[in-house]
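Peer 1: This structure is in structure tokens; I'll ask about it shortly.
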Amino acid sequence: MHYLFLYPSCSVGGVETLIVRLSRYLVEYGHRATFLTPQAAEMAAQFSSAVRVMPWGHYNFLLLPAYARWFAHRHCADVDRIVTFERTGLWQASLLSRFAARRPGLVCMANSPWEMRPRFLRSYGGRRLVVDYPVYFYDRVLPDAQKAFMSAAVKAAHEAAYGRKFSGARVIPLPVEGTGAAPEARTFKPGRIVSVGRLDGNLKQYNLSVIPLIRSLLGRGHAVEWHIYGEGELETRMREAIARLGLQAHVRLHGNIEYRRLGEAFQDAMVFVGMGTAALEAVLHGVPAIVAQAAADEPWTHGFLHQQPFGVVGEILPDLPVAGIGELLEWVLRLDRAGYAELCRKELAAAQRYSPEAIMPAFQQFVDGARPAWDAAWRYHVFVAFAKLSKYWKPRVQLDDDFFDARIPPSSKGIAQGNSGENDGQLRAVQRPSA
């Protein structure tokens, strides 16, 4: 069977890493896999030699039905299944599914809480057909059995946005490869904090909000260094904050790192701060991970990886206790060797639940059950009109208060506000204010 993956990026990132692992698994079991992307970049070398990485300079032209028809006839004649991960790719895949000779089945895997959620209107209604047709397609045309989410929390976020249950959808957590490092044998540099990932202004604001915490930790006598690997729109604001606080010697932006060199970033790290696949990767390199909350303006966390529900690697869950990232950092810095080794053991046990052996069979069963999905031809023109207008209208993503309200009472802000910062590594329940 031939599987086609579509994604508009091939740089270091969580979805790209996921595609590497999924395609590698499929090839190992005798299938074929192709990755279609605008241009090959850092991640291309990580794919198995049996996986075809197909950079296509006119990738965005696949939004046009006529071009998609030509491409499908020329390059997708033997494709059996198409896997996509975001709204534009879903529409491109739906056109290829319609025009390819074998009418390949189509699935969409949402790997963030708002990946496929309505962007332009808080309420879902008839106008959605005009302003955001891919969302209509996702909701009304793509069968629920052909939708998958990285966790129950991500699934619940989409259900809240659409106002209905995706009863037939699957939950498929992120698979991560690796055996982990023995906590007793690993050497690290005390006070070395590491983060890896895109500096995304909508998703990973913790990269900015943690900077003042480094100054607080230094002021409390801790010798800390924060090493950040990644690029993105937050970088300019981060550099300004670092300069303003005089932290150039303690907070260092290293830019992107090649995936094959990821182990070098984790080699002597004491603790990781971040979310997503990178948090799982860090733990499998022996580094305990404080899982930062996605899309939260304040530096808050539901704790270390082993304190998260299975499948949750950054989502904000209102019913879970929270702690300040600064408080947990200080707690780690005060651990003795035995306490640190015990923390690493708990983290490693949590990460091993994400092994490919446990997750990949469910993925293949999900994809193999997919069927073609398309809609009436006249709707293509509606979306083409929307695609042309969207470059002039790019409103900020609106987050639902009932699911992503990350506001915390000031009295609970610990080291983030210069309080005592005392913490025993446990989380506490915090009453969130009503919206």
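Residues in the structure tokens are named by chain (A, B, ... in the order shown) and by number from 1 within that chain; ligands are numbered from 1 in the order shown.
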DSSP on the backbone: what in region 40-280 of chain A comes out strand (DSSP E or B), as a count of residues only?
Peer 2: 36
Peer 1: Write out as a PDB file with N, CA and C atoms, in the first residue's frame each polymer residue whose atoms come within 8 Å of Pro173 (chain A), counting only C-alpha atoms; drop sequence neighbours fewer than 2 positions from it.
Peer 2:
ATOM      1  N   PHE A 149      -6.924  12.609  16.865  1.00  0.00           N
ATOM      2  CA  PHE A 149      -6.397  13.668  17.715  1.00  0.00           C
ATOM      3  C   PHE A 149      -5.269  13.103  18.569  1.00  0.00           C
ATOM      4  N   MET A 150      -4.310  13.962  18.938  1.00  0.00           N
ATOM      5  CA  MET A 150      -3.139  13.487  19.671  1.00  0.00           C
ATOM      6  C   MET A 150      -3.448  13.179  21.132  1.00  0.00           C
ATOM      7  N   SER A 151      -4.569  13.676  21.637  1.00  0.00           N
ATOM      8  CA  SER A 151      -4.949  13.375  23.020  1.00  0.00           C
ATOM      9  C   SER A 151      -6.437  13.602  23.177  1.00  0.00           C
ATOM     10  N   VAL A 171      -8.148   8.661  19.110  1.00  0.00           N
ATOM     11  CA  VAL A 171      -7.086   9.353  19.845  1.00  0.00           C
ATOM     12  C   VAL A 171      -5.802   8.552  19.650  1.00  0.00           C
ATOM     13  N   PRO A 175       3.973   9.108  18.827  1.00  0.00           N
ATOM     14  CA  PRO A 175       4.966   8.054  19.074  1.00  0.00           C
ATOM     15  C   PRO A 175       6.375   8.641  19.159  1.00  0.00           C
ATOM     16  N   PHE A 310      -1.930  10.706  30.029  1.00  0.00           N
ATOM     17  CA  PHE A 310      -1.338  10.121  28.825  1.00  0.00           C
ATOM     18  C   PHE A 310      -1.839  10.861  27.588  1.00  0.00           C
ATOM     19  N   GLY A 311      -0.906  11.265  26.741  1.00  0.00           N
ATOM     20  CA  GLY A 311      -1.247  11.975  25.520  1.00  0.00           C
ATOM     21  C   GLY A 311      -1.177  13.479  25.639  1.00  0.00           C
ATOM     22  N   TYR A 354       4.866   6.018  25.149  1.00  0.00           N
ATOM     23  CA  TYR A 354       4.689   6.551  23.806  1.00  0.00           C
ATOM     24  C   TYR A 354       5.514   5.775  22.771  1.00  0.00           C
ATOM     25  N   ILE A 359       1.846   2.379  19.801  1.00  0.00           N
ATOM     26  CA  ILE A 359       0.977   3.346  19.133  1.00  0.00           C
ATOM     27  C   ILE A 359       0.788   3.072  17.642  1.00  0.00           C
TER      28      ILE A 359
END
Peer 1: So which bits of region 127-330 of chain A end up alpha helix (DSSP H) when you DSSP the backbone, as number ranges by chain?
Peer 2: A: 128-131, 133-136, 152-162, 206-209, 211-219, 235-244, 262-266, 276-284, 325-330
Peer 1: Using only C-alpha atoms, which residue out of A:Val287, A:Val196, A:Val210, A:Ala341 lies closest to Arg261 (chain A)?
Peer 2: A:Val196
Peer 1: Once you count only C-alpha atoms, what closest atom pair and distance in Å to one decimal does each residue of region 254-279 of chain A within 12 Å of region 101-114 of chain A have, with rows by chain and rising residue number, as a Markdown table?
Peer 2:
| residue | atom | partner | partner_atom | distance |
| --- | --- | --- | --- | --- |
| A:Met275 | CA | A:Ser112 | CA | 11.0 |
| A:Gly276 | CA | A:Ser112 | CA | 9.0 |
| A:Thr277 | CA | A:Asn111 | CA | 10.2 |
Peer 1: Quick one: residues within 6 Å of Ala294 (chain A), only C-alpha atoms, excluding same-chain residues fewer than 3 positions away - as a list in words?
Peer 2: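 Counting only C-alpha atoms, the residues come to Leu203, Lys204, Gly314 and Glu315 of chain A.
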Peer 1: Pull N, CA and C atoms from the residues just selected and write them as a PDB file, in the first residue's frame.
Peer 2:
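Writing the result to selection-v7.pdb gives the following:
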ATOM      1  N   LEU A 203       1.597  29.839  20.113  1.00  0.00           N
ATOM      2  CA  LEU A 203       1.582  28.543  20.777  1.00  0.00           C
ATOM      3  C   LEU A 203       2.573  28.431  21.928  1.00  0.00           C
ATOM      4  N   LYS A 204       3.721  29.110  21.826  1.00  0.00           N
ATOM      5  CA  LYS A 204       4.806  28.860  22.775  1.00  0.00           C
ATOM      6  C   LYS A 204       5.306  30.150  23.412  1.00  0.00           C
ATOM      7  N   GLY A 314       1.231  19.520  26.732  1.00  0.00           N
ATOM      8  CA  GLY A 314       1.201  20.971  26.652  1.00  0.00           C
ATOM      9  C   GLY A 314      -0.176  21.583  26.702  1.00  0.00           C
ATOM     10  N   GLU A 315      -1.235  20.783  26.541  1.00  0.00           N
ATOM     11  CA  GLU A 315      -2.577  21.334  26.580  1.00  0.00           C
ATOM     12  C   GLU A 315      -2.918  21.842  27.976  1.00  0.00           C
TER      13      GLU A 315
END
Peer 1: Pick out the residues sitting within 9 Å of region 3-12 of chain A, and hand them over as a VMD selection string; count only C-alpha atoms, and ignore anything fewer than 3 positions along from it in its own chain.
Peer 2: chain A and resid 15 to 17 19 23 26 31 to 44 59 to 60 76 79 to 86 88 to 90 92 to 93 104 197 to 198 230 256 to 259
Peer 1: Could you work out how far CA of Pro118 (chain A) lies from CA of Ala278 (chain A), giving the answer in Å with one decimal?
Peer 2: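 For CA of Ala278 (chain A) relative to CA of Pro118 (chain A), the distance reads 26.8 Å.
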Peer 1: Of the candidates A:Leu329, A:Val313, A:Leu62, A:Ala152, which shows the shortest atom-to-atom distance to Glu281 (chain A), using only C-alpha atoms?
Peer 2: A:Val313
Peer 1: Find, counting only C-alpha atoms, the residue in A:Ala77, A:Leu234, A:Ala323, A:Ala241 that gets nearest to Arg215 (chain A).
Peer 2: A:Ala241
Peer 1: Using only C-alpha atoms, find the one residue out of A:Phe61, A:Arg24, A:Tyr136, A:Ala296 that sits nearest to Phe47 (chain A).
Peer 2: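 Closest candidate: A:Arg24.
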Peer 1: What separation in Å, quoted to one decimal, exists between CA of Gly163 (chain A) and CA of Tyr138 (chain A)?
Peer 2: 13.7 Å
Peer 1: Quick one: distance from CA of Ala292 (chain A) to CA of Phe304 (chain A) in Å, one decimal?
Peer 2: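 The value is 8.9 Å.
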